[in-house]
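**Student:** mmCIF, C-alpha atoms, file final15.cif:
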```cif
data_structure
loop_
_atom_site.group_PDB
_atom_site.id
_atom_site.type_symbol
_atom_site.label_atom_id
_atom_site.label_comp_id
_atom_site.auth_asym_id
_atom_site.auth_seq_id
_atom_site.Cartn_x
_atom_site.Cartn_y
_atom_site.Cartn_z
ATOM 1 C CA MET A 164 130.170 48.357 163.515
ATOM 2 C CA VAL A 165 127.119 49.445 161.408
ATOM 3 C CA TYR A 166 126.113 47.424 158.344
ATOM 4 C CA LYS A 167 124.213 49.063 155.450
ATOM 5 C CA LYS A 168 121.624 47.227 153.361
ATOM 6 C CA ASN A 169 122.367 46.677 149.713
ATOM 7 C CA ALA A 170 120.255 49.293 147.833
ATOM 8 C CA GLN A 171 121.156 48.171 144.363
ATOM 9 C CA GLY A 172 117.819 46.217 143.742
ATOM 10 C CA PHE A 173 117.539 43.024 141.686
ATOM 11 C CA THR A 174 120.461 41.603 139.895
ATOM 12 C CA ILE A 175 120.122 40.686 136.235
ATOM 13 C CA VAL A 176 119.834 37.032 137.145
ATOM 14 C CA GLU A 177 117.033 37.752 139.614
ATOM 15 C CA ALA A 178 115.157 39.875 137.058
ATOM 16 C CA ILE A 179 115.401 37.090 134.488
ATOM 17 C CA ILE A 180 114.075 34.586 137.002
ATOM 18 C CA VAL A 181 111.107 36.835 137.967
ATOM 19 C CA THR A 182 110.287 37.512 134.309
ATOM 20 C CA ALA A 183 110.392 33.811 133.527
ATOM 21 C CA VAL A 184 108.077 33.028 136.434
ATOM 22 C CA LEU A 185 105.598 35.720 135.361
ATOM 23 C CA ALA A 186 105.697 34.466 131.788
ATOM 24 C CA ALA A 187 105.037 30.922 132.938
ATOM 25 C CA VAL A 188 102.099 32.057 135.080
ATOM 26 C CA THR A 189 100.694 34.073 132.167
ATOM 27 C CA VAL A 190 100.991 31.127 129.800
ATOM 28 C CA MET A 191 99.238 28.879 132.284
ATOM 29 C CA ALA A 192 96.493 31.441 132.958
ATOM 30 C CA PHE A 193 95.895 32.481 129.325
ATOM 31 C CA PRO A 194 93.614 29.547 128.429
ATOM 32 C CA ASN A 195 91.500 30.388 131.465
ATOM 33 C CA PHE A 196 91.156 33.995 130.289
ATOM 34 C CA VAL A 197 90.196 32.828 126.806
ATOM 35 C CA GLU A 198 87.676 30.387 128.238
ATOM 36 C CA PHE A 199 86.252 33.086 130.495
ATOM 37 C CA PHE A 200 85.605 35.460 127.598
ATOM 38 C CA ARG A 201 84.226 32.645 125.460
ATOM 39 C CA MET A 202 81.812 31.639 128.201
ATOM 40 C CA GLN A 203 80.777 35.266 128.597
ATOM 41 C CA GLU A 204 80.019 35.521 124.868
ATOM 42 C CA GLU A 205 78.068 32.278 124.948
ATOM 43 C CA THR A 206 76.034 33.453 127.935
ATOM 44 C CA MET A 207 75.261 36.717 126.158
ATOM 45 C CA GLU A 208 74.203 34.781 123.047
ATOM 46 C CA GLU A 209 71.902 32.534 125.066
ATOM 47 C CA THR A 210 70.348 35.608 126.686
ATOM 48 C CA ALA A 211 69.867 37.290 123.309
ATOM 49 C CA MET A 212 68.220 34.195 121.821
ATOM 50 C CA SER A 213 65.885 34.004 124.807
ATOM 51 C CA GLU A 214 64.974 37.669 124.248
ATOM 52 C CA ILE A 215 64.275 36.934 120.588
ATOM 53 C CA LYS A 216 61.963 34.059 121.507
ATOM 54 C CA ASN A 217 60.043 36.316 123.893
ATOM 55 C CA ALA A 218 59.783 38.944 121.147
ATOM 56 C CA LEU A 219 58.383 36.336 118.745
ATOM 57 C CA ALA A 220 55.719 35.451 121.311
ATOM 58 C CA ALA A 221 54.800 39.103 121.888
ATOM 59 C CA TYR A 222 54.674 39.805 118.146
ATOM 60 C CA ALA A 223 52.445 36.777 117.525
ATOM 61 C CA ASP A 224 50.130 37.831 120.334
ATOM 62 C CA ASP A 225 49.755 41.299 118.816
ATOM 63 C CA ASN A 226 49.617 40.427 115.133
ATOM 64 C CA GLY A 227 48.143 36.948 114.872
ATOM 65 C CA GLN A 228 51.134 35.793 112.841
ATOM 66 C CA LEU A 229 54.936 35.650 112.943
ATOM 67 C CA PRO A 230 57.119 38.158 111.061
ATOM 68 C CA GLY A 231 58.247 37.587 107.496
ATOM 69 C CA ALA A 232 61.808 36.705 106.557
ATOM 70 C CA GLY A 233 62.699 40.035 104.985
ATOM 71 C CA THR A 234 61.735 42.230 107.928
ATOM 72 C CA TRP A 235 61.859 39.916 110.915
ATOM 73 C CA ALA A 236 64.534 41.789 112.904
ATOM 74 C CA ALA A 237 62.878 45.180 112.353
ATOM 75 C CA ASP A 238 59.470 43.712 113.186
ATOM 76 C CA LEU A 239 60.708 42.209 116.459
ATOM 77 C CA ALA A 240 62.673 45.255 117.657
ATOM 78 C CA PRO A 241 59.623 47.053 119.155
ATOM 79 C CA TYR A 242 58.883 43.912 121.181
ATOM 80 C CA SER A 243 62.389 43.500 122.608
ATOM 81 C CA SER A 244 65.020 45.314 124.649
ATOM 82 C CA LEU A 245 67.457 44.385 121.860
ATOM 83 C CA SER A 246 68.061 46.713 118.945
ATOM 84 C CA GLN A 247 67.270 45.632 115.403
ATOM 85 C CA GLN A 248 70.979 45.033 114.792
ATOM 86 C CA ALA A 249 71.383 43.028 118.000
ATOM 87 C CA ILE A 250 68.499 40.825 116.872
ATOM 88 C CA ALA A 251 69.900 40.282 113.392
ATOM 89 C CA ILE A 252 73.606 39.925 114.342
ATOM 90 C CA ASP A 253 75.038 37.510 116.912
ATOM 91 C CA GLN A 254 77.807 37.973 119.498
ATOM 92 C CA TRP A 255 80.444 37.080 116.915
ATOM 93 C CA GLU A 256 79.290 39.751 114.449
ATOM 94 C CA GLN A 257 77.657 37.212 112.154
ATOM 95 C CA PRO A 258 74.056 37.290 110.872
ATOM 96 C CA ARG A 259 71.496 35.021 112.460
ATOM 97 C CA ALA A 260 69.347 33.015 110.065
ATOM 98 C CA TYR A 261 65.541 33.251 110.225
ATOM 99 C CA ARG A 262 62.945 31.173 108.448
ATOM 100 C CA LYS A 263 59.174 30.911 108.734
ATOM 101 C CA ILE A 264 56.825 28.358 107.234
ATOM 102 C CA SER A 265 53.029 28.354 107.398
ATOM 103 C CA SER A 266 50.625 25.455 107.511
ATOM 104 C CA ASN A 267 46.841 25.225 107.231
ATOM 105 C CA GLU A 268 45.743 22.891 109.994
ATOM 106 C CA THR A 269 42.367 21.534 111.016
ATOM 107 C CA TYR A 270 40.911 22.482 114.367
ATOM 108 C CA ARG A 271 37.296 21.640 115.246
ATOM 109 C CA SER A 272 36.546 20.989 111.570
ATOM 110 C CA ALA A 273 37.855 24.445 110.642
ATOM 111 C CA THR A 274 41.061 25.436 108.874
ATOM 112 C CA VAL A 275 43.467 27.541 110.935
ATOM 113 C CA ASN A 276 46.692 29.009 109.566
ATOM 114 C CA ILE A 277 49.666 28.296 111.846
ATOM 115 C CA ASP A 278 53.168 29.800 111.555
ATOM 116 C CA TYR A 279 56.389 28.019 112.531
ATOM 117 C CA ALA A 280 59.612 30.029 112.835
ATOM 118 C CA VAL A 281 63.259 29.244 113.590
ATOM 119 C CA VAL A 282 66.079 31.640 114.464
ATOM 120 C CA TYR A 283 69.502 30.030 114.050
ATOM 121 C CA GLY A 284 73.022 31.167 114.934
ATOM 122 C CA HIS A 285 76.114 29.176 114.023
ATOM 123 C CA GLY A 286 78.098 30.190 117.097
ATOM 124 C CA PRO A 287 81.814 31.030 117.256
ATOM 125 C CA GLU A 288 82.785 28.099 115.037
ATOM 126 C CA ARG A 289 80.345 29.180 112.288
ATOM 127 C CA GLY A 290 79.002 25.647 112.014
ATOM 128 C CA LEU A 291 82.423 24.118 111.452
ATOM 129 C CA GLY A 292 83.117 22.879 114.967
ATOM 130 C CA ASP A 293 83.139 19.292 116.165
ATOM 131 C CA SER A 294 80.350 18.213 113.808
ATOM 132 C CA GLY A 295 81.576 20.182 110.795
ATOM 133 C CA VAL A 296 77.963 20.869 109.786
ATOM 134 C CA ASN A 297 76.683 24.253 108.625
ATOM 135 C CA VAL A 298 72.876 24.219 108.842
ATOM 136 C CA ASN A 299 71.039 25.778 105.895
ATOM 137 C CA LEU A 300 67.560 26.702 107.127
ATOM 138 C CA SER A 301 66.139 27.096 103.626
ATOM 139 C CA ALA A 302 66.888 23.448 102.952
ATOM 140 C CA SER A 303 66.401 22.141 106.489
ATOM 141 C CA LEU A 304 63.019 23.727 107.220
ATOM 142 C CA THR A 305 60.395 23.052 104.565
ATOM 143 C CA SER A 306 57.608 21.350 106.537
ATOM 144 C CA VAL A 307 56.081 21.054 109.992
ATOM 145 C CA SER A 308 57.816 17.705 110.463
ATOM 146 C CA ASP A 309 61.154 19.430 109.733
ATOM 147 C CA TYR A 310 60.305 22.021 112.378
ATOM 148 C CA SER A 311 59.581 19.325 114.949
ATOM 149 C CA SER A 312 62.771 17.375 114.283
ATOM 150 C CA LEU A 313 65.207 20.258 113.709
ATOM 151 C CA LYS A 314 67.962 20.467 116.334
ATOM 152 C CA ALA A 315 70.923 22.777 116.738
ATOM 153 C CA GLU A 316 74.282 21.350 115.754
ATOM 154 C CA PHE A 317 77.044 21.253 118.373
ATOM 155 C CA GLY A 318 78.112 24.780 119.288
ATOM 156 C CA ASP A 319 75.181 26.391 117.452
ATOM 157 C CA TYR A 320 72.255 28.342 118.881
ATOM 158 C CA MET A 321 68.609 27.975 117.921
ATOM 159 C CA VAL A 322 65.166 29.064 119.077
ATOM 160 C CA LYS A 323 61.911 27.759 117.654
ATOM 161 C CA TYR A 324 58.501 29.343 118.012
ATOM 162 C CA THR A 325 55.037 28.584 116.696
ATOM 163 C CA ASN A 326 51.936 30.724 117.104
ATOM 164 C CA TYR A 327 49.764 27.610 117.406
ATOM 165 C CA LYS A 328 48.501 28.534 120.881
ATOM 166 C CA GLU A 329 47.748 32.121 119.860
ATOM 167 C CA GLN A 330 45.884 31.028 116.732
ATOM 168 C CA ILE A 331 43.838 28.425 118.579
ATOM 169 C CA ARG A 332 42.976 31.064 121.169
ATOM 170 C CA ASN A 333 42.038 33.492 118.366
ATOM 171 C CA TYR A 334 39.914 30.799 116.740
ATOM 172 C CA GLU A 335 38.059 30.247 119.998
ATOM 173 C CA ILE A 336 37.574 34.009 120.425
ATOM 174 C CA THR A 337 36.194 34.210 116.881
ATOM 175 C CA GLU A 338 33.950 31.209 117.438
ATOM 176 C CA GLN A 339 32.567 32.749 120.630
ATOM 177 C CA ARG A 340 31.905 36.054 118.878
ATOM 178 C CA LEU A 341 29.926 34.261 116.172
ATOM 179 C CA LYS A 342 27.921 32.395 118.805
ATOM 180 C CA ASP A 343 27.205 35.636 120.661
ATOM 181 C CA ILE A 344 26.056 37.352 117.459
ATOM 182 C CA SER A 345 23.780 34.433 116.536
ATOM 183 C CA ALA A 346 22.256 34.408 120.015
ATOM 184 C CA ALA A 347 21.738 38.185 119.992
ATOM 185 C CA LEU A 348 20.144 38.099 116.523
ATOM 186 C CA SER A 349 17.845 35.258 117.548
ATOM 187 C CA SER A 350 16.823 37.022 120.745
ATOM 188 C CA TYR A 351 16.170 40.287 118.920
ATOM 189 C CA ALA A 352 14.149 38.640 116.128
ATOM 190 C CA THR A 353 12.100 36.572 118.582
ATOM 191 C CA THR A 354 11.229 39.678 120.579
ATOM 192 C CA ARG A 355 10.187 41.631 117.491
ATOM 193 C CA PHE A 356 8.179 38.699 116.103
ATOM 194 C CA ASN A 357 6.332 38.204 119.389
ATOM 195 C CA GLU A 358 5.546 41.918 119.500
ATOM 196 C CA ALA A 359 4.162 41.697 115.967
ATOM 197 C CA VAL A 360 2.080 38.621 116.801
ATOM 198 C CA VAL A 361 0.609 40.341 119.853
ATOM 199 C CA GLY A 362 -0.170 43.338 117.651
ATOM 200 C CA GLY A 363 -1.879 41.079 115.134
ATOM 201 C CA THR A 364 0.629 41.745 112.329
ATOM 202 C CA GLY A 365 3.240 39.009 112.724
ATOM 203 C CA THR A 366 3.830 36.620 109.817
ATOM 204 C CA ALA A 367 6.320 33.804 109.316
ATOM 205 C CA GLU A 368 7.304 35.233 105.932
ATOM 206 C CA GLU A 369 8.530 38.568 107.255
ATOM 207 C CA ILE A 370 12.156 39.034 108.300
ATOM 208 C CA TYR A 371 12.653 40.296 111.830
ATOM 209 C CA TYR A 372 16.437 40.496 111.638
ATOM 210 C CA PRO A 373 18.310 43.720 110.855
ATOM 211 C CA PRO A 374 18.591 43.771 107.046
ATOM 212 C CA SER A 375 21.808 43.356 105.103
ATOM 213 C CA GLU A 376 22.669 43.848 101.484
ATOM 214 C CA PRO A 377 22.505 40.530 99.626
ATOM 215 C CA ALA A 378 25.762 39.147 98.275
ATOM 216 C CA ASP A 379 24.332 39.418 94.761
ATOM 217 C CA ILE A 380 22.766 42.860 95.194
ATOM 218 C CA SER A 381 23.762 43.964 91.685
ATOM 219 C CA SER A 382 22.216 40.902 90.020
ATOM 220 C CA PRO A 383 18.573 40.295 88.994
ATOM 221 C CA VAL A 384 17.968 38.178 92.115
ATOM 222 C CA ALA A 385 18.513 40.964 94.622
ATOM 223 C CA ASP A 386 16.720 40.765 97.958
ATOM 224 C CA THR A 387 13.052 41.716 97.537
ATOM 225 C CA ALA A 388 11.783 40.143 100.753
ATOM 226 C CA ASP A 389 9.770 42.155 103.236
ATOM 227 C CA TYR A 390 11.559 43.243 106.371
ATOM 228 C CA ASN A 391 9.486 44.043 109.405
ATOM 229 C CA ASN A 392 8.699 47.760 109.443
ATOM 230 C CA THR A 393 9.407 48.060 113.165
ATOM 231 C CA VAL A 394 12.926 46.687 112.681
ATOM 232 C CA GLU A 395 13.676 49.014 109.787
ATOM 233 C CA ALA A 396 12.321 51.997 111.672
ATOM 234 C CA GLU A 397 14.433 51.132 114.696
ATOM 235 C CA LEU A 398 17.517 50.887 112.522
ATOM 236 C CA ASP A 399 16.746 54.239 110.919
ATOM 237 C CA ASN A 400 16.744 55.809 114.365
ATOM 238 C CA PHE A 401 19.828 53.957 115.554
ATOM 239 C CA TYR A 402 22.289 54.179 112.668
ATOM 240 C CA PRO A 403 24.140 57.452 112.070
ATOM 241 C CA SER A 404 22.444 59.716 109.567
ATOM 242 C CA GLY A 405 23.377 59.012 105.968
ATOM 243 C CA THR A 406 24.662 55.470 106.497
ATOM 244 C CA GLY A 407 21.499 53.705 105.354
ATOM 245 C CA ASN A 408 19.983 50.810 107.247
ATOM 246 C CA ARG A 409 21.374 47.765 105.444
ATOM 247 C CA ILE A 410 24.620 46.160 106.571
ATOM 248 C CA SER A 411 27.223 46.087 103.816
ATOM 249 C CA THR A 412 28.416 42.745 102.459
ATOM 250 C CA ASP A 413 30.931 44.352 100.096
ATOM 251 C CA GLU A 414 33.963 42.068 99.945
ATOM 252 C CA SER A 415 36.097 44.827 98.406
ATOM 253 C CA ASP A 416 35.452 47.423 101.135
ATOM 254 C CA ASP A 417 36.421 45.946 104.477
ATOM 255 C CA ALA A 418 36.532 49.363 106.159
ATOM 256 C CA LEU A 419 32.880 50.082 105.315
ATOM 257 C CA ARG A 420 31.781 46.583 106.267
ATOM 258 C CA LYS A 421 33.651 46.843 109.557
ATOM 259 C CA GLN A 422 32.066 50.201 110.364
ATOM 260 C CA GLU A 423 28.564 48.938 109.651
ATOM 261 C CA MET A 424 29.144 45.681 111.527
ATOM 262 C CA GLU A 425 30.200 47.786 114.518
ATOM 263 C CA TYR A 426 26.876 49.650 114.237
ATOM 264 C CA LEU A 427 25.101 46.303 114.179
ATOM 265 C CA MET A 428 26.976 45.123 117.279
ATOM 266 C CA ARG A 429 25.931 48.251 119.173
ATOM 267 C CA PHE A 430 22.378 47.743 117.959
ATOM 268 C CA LEU A 431 22.445 44.195 119.355
ATOM 269 C CA GLY A 432 24.107 45.272 122.607
ATOM 270 C CA LEU A 433 27.440 43.576 121.879
ATOM 271 C CA PRO A 434 30.987 45.008 122.071
ATOM 272 C CA ASP A 435 32.325 46.643 118.909
ATOM 273 C CA THR A 436 35.066 43.992 118.735
ATOM 274 C CA HIS A 437 32.418 41.375 117.954
ATOM 275 C CA CYS A 438 32.254 42.897 114.473
ATOM 276 C CA CYS A 439 35.329 41.061 113.364
ATOM 277 C CA SER A 440 37.395 37.903 113.244
ATOM 278 C CA ALA A 441 40.332 37.553 115.639
ATOM 279 C CA LEU A 442 42.126 35.199 113.252
ATOM 280 C CA ASP A 443 44.144 37.827 111.411
ATOM 281 C CA ALA A 444 46.107 40.914 112.350
ATOM 282 C CA ASN A 445 43.674 43.235 110.554
ATOM 283 C CA GLU A 446 40.624 41.980 112.482
ATOM 284 C CA THR A 447 38.705 41.491 109.237
ATOM 285 C CA ALA A 448 34.984 42.202 109.547
ATOM 286 C CA PHE A 449 32.479 39.360 109.444
ATOM 287 C CA PHE A 450 29.984 38.964 106.617
ATOM 288 C CA TYR A 451 26.350 39.165 107.731
ATOM 289 C CA TYR A 452 23.485 37.981 105.516
ATOM 290 C CA SER A 453 19.958 38.500 106.820
ATOM 291 C CA ASN A 454 18.156 36.654 103.990
ATOM 292 C CA PRO A 455 20.605 34.116 102.566
ATOM 293 C CA ARG A 456 20.005 31.817 99.633
ATOM 294 C CA PRO A 457 19.978 28.046 100.145
ATOM 295 C CA ARG A 458 23.110 26.114 99.243
ATOM 296 C CA LEU A 459 22.618 23.403 96.656
ATOM 297 C CA PRO A 460 24.891 20.514 95.604
ATOM 298 C CA GLY A 461 27.432 21.447 93.038
ATOM 299 C CA PRO A 462 28.101 23.733 94.829
ATOM 300 C CA SER A 463 25.493 26.226 93.680
ATOM 301 C CA CYS A 464 22.934 28.551 95.210
ATOM 302 C CA GLY A 465 19.166 28.338 95.182
ATOM 303 C CA THR A 466 16.760 31.213 94.657
ATOM 304 C CA ARG A 467 16.638 33.860 97.343
ATOM 305 C CA PRO A 468 13.392 33.644 99.346
ATOM 306 C CA THR A 469 11.027 36.473 98.464
ATOM 307 C CA THR A 470 8.002 38.077 100.102
ATOM 308 C CA SER A 471 5.704 35.071 100.362
ATOM 309 C CA GLN A 472 8.327 32.429 101.123
ATOM 310 C CA ARG A 473 9.733 31.115 104.377
ATOM 311 C CA LYS A 474 13.226 32.382 105.089
ATOM 312 C CA LEU A 475 16.437 30.710 106.171
ATOM 313 C CA PRO A 476 18.151 31.822 109.386
ATOM 314 C CA PRO A 477 20.664 34.634 108.862
ATOM 315 C CA ARG A 478 24.315 33.768 108.278
ATOM 316 C CA VAL A 479 27.358 35.348 109.884
ATOM 317 C CA ARG A 480 30.612 34.162 108.367
ATOM 318 C CA VAL A 481 34.320 34.853 108.495
ATOM 319 C CA GLU A 482 34.515 34.738 104.696
ATOM 320 C CA HIS A 483 32.341 36.026 101.877
ATOM 321 C CA ASP A 484 29.467 33.690 100.990
ATOM 322 C CA ASP A 485 28.312 33.598 97.364
ATOM 323 C CA CYS A 486 24.987 32.246 98.596
ATOM 324 C CA GLY A 487 24.624 35.043 101.127
#
```
Would you give me this structure, written as structure tokens?

**Tutor:**
Amino acid sequence: MVYKKNAQGFTIVEAIIVTAVLAAVTVMAFPNFVEFFRMQEETMEETAMSEIKNALAAYADDNGQLPGAGTWAADLAPYSSLSQQAIAIDQWEQPRAYRKISSNETYRSATVNIDYAVVYGHGPERGLGDSGVNVNLSASLTSVSDYSSLKAEFGDYMVKYTNYKEQIRNYEITEQRLKDISAALSSYATTRFNEAVVGGTGTAEEIYYPPSEPADISSPVADTADYNNTVEAELDNFYPSGTGNRISTDESDDALRKQEMEYLMRFLGLPDTHCCSALDANETAFFYYSNPRPRLPGPSCGTRPTTSQRKLPPRVRVEHDDCG
């Protein structure tokens, strides 16, 4: 006798049992799926915040400062693989908060401007998770001590960055440039003075430094001192035609001052970059004064040395000097 298999498939009871089992498995597995996607979002947020911190470092290195609050995401985009929107908006489609404060701090008896910035994201709970705290950066970050003590609340994301290292490095670069310029000026003037002495024409009252415009050139006490003829003749031959042979000290025309300071650097055998400070993004040109006035208590300025008087050493400064 031949028996045939039942080809009717599952009975209703069997189908109900299978469906119930699948439903139970799904219910048990669902929290794991939710947790998996949550962890994936959190990992992506951590990666994005790390990218933002790297972009802050790159921006500070290029610009000597950190971006402002209004344009921070757009400013950082060229320094990151993230788009402007991905910088400004977190994984949960909520805006990240950004705040920057600045502080003038003393380094080697000089004042250096330092920026401190915080980027803050409130995470999936929007600051209302276990701690129930929603951090307001405007209120929480008002001083350097706030920056040091600020911590992310539970479930939140935060990166902090300061351009302290970059600014200290830029200060040291600027300081070295000033030292190099002073040494080059001294070497040049000593050589020209010795040549004049050997030639029987050297005097202590003459100026052997390349001449600059005085800071008060439009006033009655403009520079009337004698500059060594050899120096002036050398400058005439070195500077481009039509530029004159006195270095500008015009505070209102940084472009002209920068151009003429670059000429002076070439004249002294220094790189063009020595013309300027490294402490700001614009590389502001130094101020050079070949025959400065003495500083008096008050503060006030003494009379500029004239033809028959001994001269002060030249000054090269980051900022305009009223006694220059």

**Student:** Kindly assemble as JSON lines a list of the range 298-378 of chain A residues that lie within 12 Å of range 260-272 of chain A, each paired with its nearest atom pair and their distance in Å to one decimal, using all atoms listed in the file, sorted first by chain and then by ascending residue number.

**Tutor:**
```
{"residue": "A:Val298", "atom": "CA", "partner": "A:Ala260", "partner_atom": "CA", "distance": 9.6}
{"residue": "A:Asn299", "atom": "CA", "partner": "A:Ala260", "partner_atom": "CA", "distance": 8.5}
{"residue": "A:Leu300", "atom": "CA", "partner": "A:Arg262", "partner_atom": "CA", "distance": 6.6}
{"residue": "A:Ser301", "atom": "CA", "partner": "A:Arg262", "partner_atom": "CA", "distance": 7.1}
{"residue": "A:Ala302", "atom": "CA", "partner": "A:Arg262", "partner_atom": "CA", "distance": 10.3}
{"residue": "A:Ser303", "atom": "CA", "partner": "A:Arg262", "partner_atom": "CA", "distance": 9.9}
{"residue": "A:Leu304", "atom": "CA", "partner": "A:Arg262", "partner_atom": "CA", "distance": 7.5}
{"residue": "A:Thr305", "atom": "CA", "partner": "A:Ile264", "partner_atom": "CA", "distance": 6.9}
{"residue": "A:Ser306", "atom": "CA", "partner": "A:Ile264", "partner_atom": "CA", "distance": 7.1}
{"residue": "A:Val307", "atom": "CA", "partner": "A:Ser266", "partner_atom": "CA", "distance": 7.4}
{"residue": "A:Ser308", "atom": "CA", "partner": "A:Ser266", "partner_atom": "CA", "distance": 11.0}
{"residue": "A:Asp309", "atom": "CA", "partner": "A:Ile264", "partner_atom": "CA", "distance": 10.2}
{"residue": "A:Tyr310", "atom": "CA", "partner": "A:Ile264", "partner_atom": "CA", "distance": 8.9}
{"residue": "A:Asp319", "atom": "CA", "partner": "A:Ala260", "partner_atom": "CA", "distance": 11.5}
{"residue": "A:Tyr320", "atom": "CA", "partner": "A:Ala260", "partner_atom": "CA", "distance": 10.4}
{"residue": "A:Met321", "atom": "CA", "partner": "A:Ala260", "partner_atom": "CA", "distance": 9.4}
{"residue": "A:Val322", "atom": "CA", "partner": "A:Tyr261", "partner_atom": "CA", "distance": 9.8}
{"residue": "A:Lys323", "atom": "CA", "partner": "A:Lys263", "partner_atom": "CA", "distance": 9.8}
{"residue": "A:Tyr324", "atom": "CA", "partner": "A:Lys263", "partner_atom": "CA", "distance": 9.4}
{"residue": "A:Thr325", "atom": "CA", "partner": "A:Lys263", "partner_atom": "CA", "distance": 9.3}
{"residue": "A:Asn326", "atom": "CA", "partner": "A:Ser265", "partner_atom": "CA", "distance": 10.1}
{"residue": "A:Tyr327", "atom": "CA", "partner": "A:Glu268", "partner_atom": "CA", "distance": 9.7}
{"residue": "A:Lys328", "atom": "CA", "partner": "A:Tyr270", "partner_atom": "CA", "distance": 11.7}
{"residue": "A:Gln330", "atom": "CA", "partner": "A:Tyr270", "partner_atom": "CA", "distance": 10.2}
{"residue": "A:Ile331", "atom": "CA", "partner": "A:Tyr270", "partner_atom": "CA", "distance": 7.9}
{"residue": "A:Arg332", "atom": "CA", "partner": "A:Tyr270", "partner_atom": "CA", "distance": 11.1}
{"residue": "A:Asn333", "atom": "CA", "partner": "A:Tyr270", "partner_atom": "CA", "distance": 11.8}
{"residue": "A:Tyr334", "atom": "CA", "partner": "A:Tyr270", "partner_atom": "CA", "distance": 8.7}
{"residue": "A:Glu335", "atom": "CA", "partner": "A:Arg271", "partner_atom": "CA", "distance": 9.9}
{"residue": "A:Glu338", "atom": "CA", "partner": "A:Arg271", "partner_atom": "CA", "distance": 10.4}
```

**Student:** Grab the residues selected above and save them as a CSV table (one decimal), in the coordinates of the input with C-alpha atoms.

**Tutor:**
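The result, written out as part.csv:
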```csv
chain,number,residue,atom,x,y,z
A,298,VAL,CA,72.9,24.2,108.8
A,299,ASN,CA,71.0,25.8,105.9
A,300,LEU,CA,67.6,26.7,107.1
A,301,SER,CA,66.1,27.1,103.6
A,302,ALA,CA,66.9,23.4,103.0
A,303,SER,CA,66.4,22.1,106.5
A,304,LEU,CA,63.0,23.7,107.2
A,305,THR,CA,60.4,23.1,104.6
A,306,SER,CA,57.6,21.4,106.5
A,307,VAL,CA,56.1,21.1,110.0
A,308,SER,CA,57.8,17.7,110.5
A,309,ASP,CA,61.2,19.4,109.7
A,310,TYR,CA,60.3,22.0,112.4
A,319,ASP,CA,75.2,26.4,117.5
A,320,TYR,CA,72.3,28.3,118.9
A,321,MET,CA,68.6,28.0,117.9
A,322,VAL,CA,65.2,29.1,119.1
A,323,LYS,CA,61.9,27.8,117.7
A,324,TYR,CA,58.5,29.3,118.0
A,325,THR,CA,55.0,28.6,116.7
A,326,ASN,CA,51.9,30.7,117.1
A,327,TYR,CA,49.8,27.6,117.4
A,328,LYS,CA,48.5,28.5,120.9
A,330,GLN,CA,45.9,31.0,116.7
A,331,ILE,CA,43.8,28.4,118.6
A,332,ARG,CA,43.0,31.1,121.2
A,333,ASN,CA,42.0,33.5,118.4
A,334,TYR,CA,39.9,30.8,116.7
A,335,GLU,CA,38.1,30.2,120.0
A,338,GLU,CA,34.0,31.2,117.4
```

**Student:** Which of these, A:Phe401, A:Trp255, A:Tyr222, A:Tyr452, has the shortest distance to Ala236 in chain A once you count all atoms listed in the file?

**Tutor:**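 Once distances to Ala236 in chain A are computed over all atoms listed in the file, the minimum belongs to A:Tyr222.
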
**Student:** Please measure the separation of CA of Arg456 in chain A and CA of Gly487 in chain A, giving the value in Å to one decimal.

**Tutor:**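 Pair CA of Arg456 in chain A / CA of Gly487 in chain A returns 5.8 Å.
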
**Student:** Just the number, please: distance in Å from CA of Trp235 in chain A to CA of Met207 in chain A, one decimal.

**Tutor:**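 Going from CA of Trp235 in chain A over to CA of Met207 in chain A covers 20.5 Å.
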
**Student:** Output the residue selection produced by the PyMOL selection byres ((chain A and resi 413) around 10) on the file above, formatted as a count of residues only.

**Tutor:** 17

**Student:** Written as a list in words, what is the full residue list that the PyMOL selection byres ((chain A and resi 373) around 7) yields on the file shown?

**Tutor:**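 Checked against the file, the PyMOL selection byres ((chain A and resi 373) around 7) matches Tyr371, Tyr372, Pro374, Ser375, Val394 and Ser453 of chain A.
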
**Student:** Range 430-432 of chain A: which residues within 10 Å, counting all atoms listed in the file, same-chain residues fewer than 2 positions away excluded, as an NGL selection string?

**Tutor:** :A and (343-344 or 346-348 or 350-351 or 373 or 397-398 or 401-402 or 424-428 or 434-435)

**Student:** Could you please determine the separation between CA of Thr393 in chain A and CA of Arg355 in chain A in Å, to one decimal place?

**Tutor:**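 Separation of CA of Thr393 in chain A and CA of Arg355 in chain A: 7.8 Å.
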
**Student:** Run through the PyMOL selection byres ((chain A and resi 210) around 12) on the given coordinates and return the selected residues as a VMD selection string.

**Tutor:** chain A and resid 203 to 209 211 to 217 243 to 245 249 to 250 253 to 254 320 to 322

**Student:** Anything within 6 Å of (18.9, 30.1, 101.3): list those residues as a list in words, counting only C-alpha atoms and sticking to the file's coordinates.

**Tutor:**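 Applying the cut-off with only C-alpha atoms, one gets Pro455, Arg456, Pro457, Arg467 and Leu475 of chain A.
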
**Student:** Include C-alpha atoms and write out the residues we just selected as a compact mmCIF listing (two decimals), in the coordinates of the input.

**Tutor:**
```
# COMPACT_ATOMS: atom_id res chain seq x y z
CA PRO A 455 20.60 34.12 102.57
CA ARG A 456 20.00 31.82 99.63
CA PRO A 457 19.98 28.05 100.14
CA ARG A 467 16.64 33.86 97.34
CA LEU A 475 16.44 30.71 106.17
```
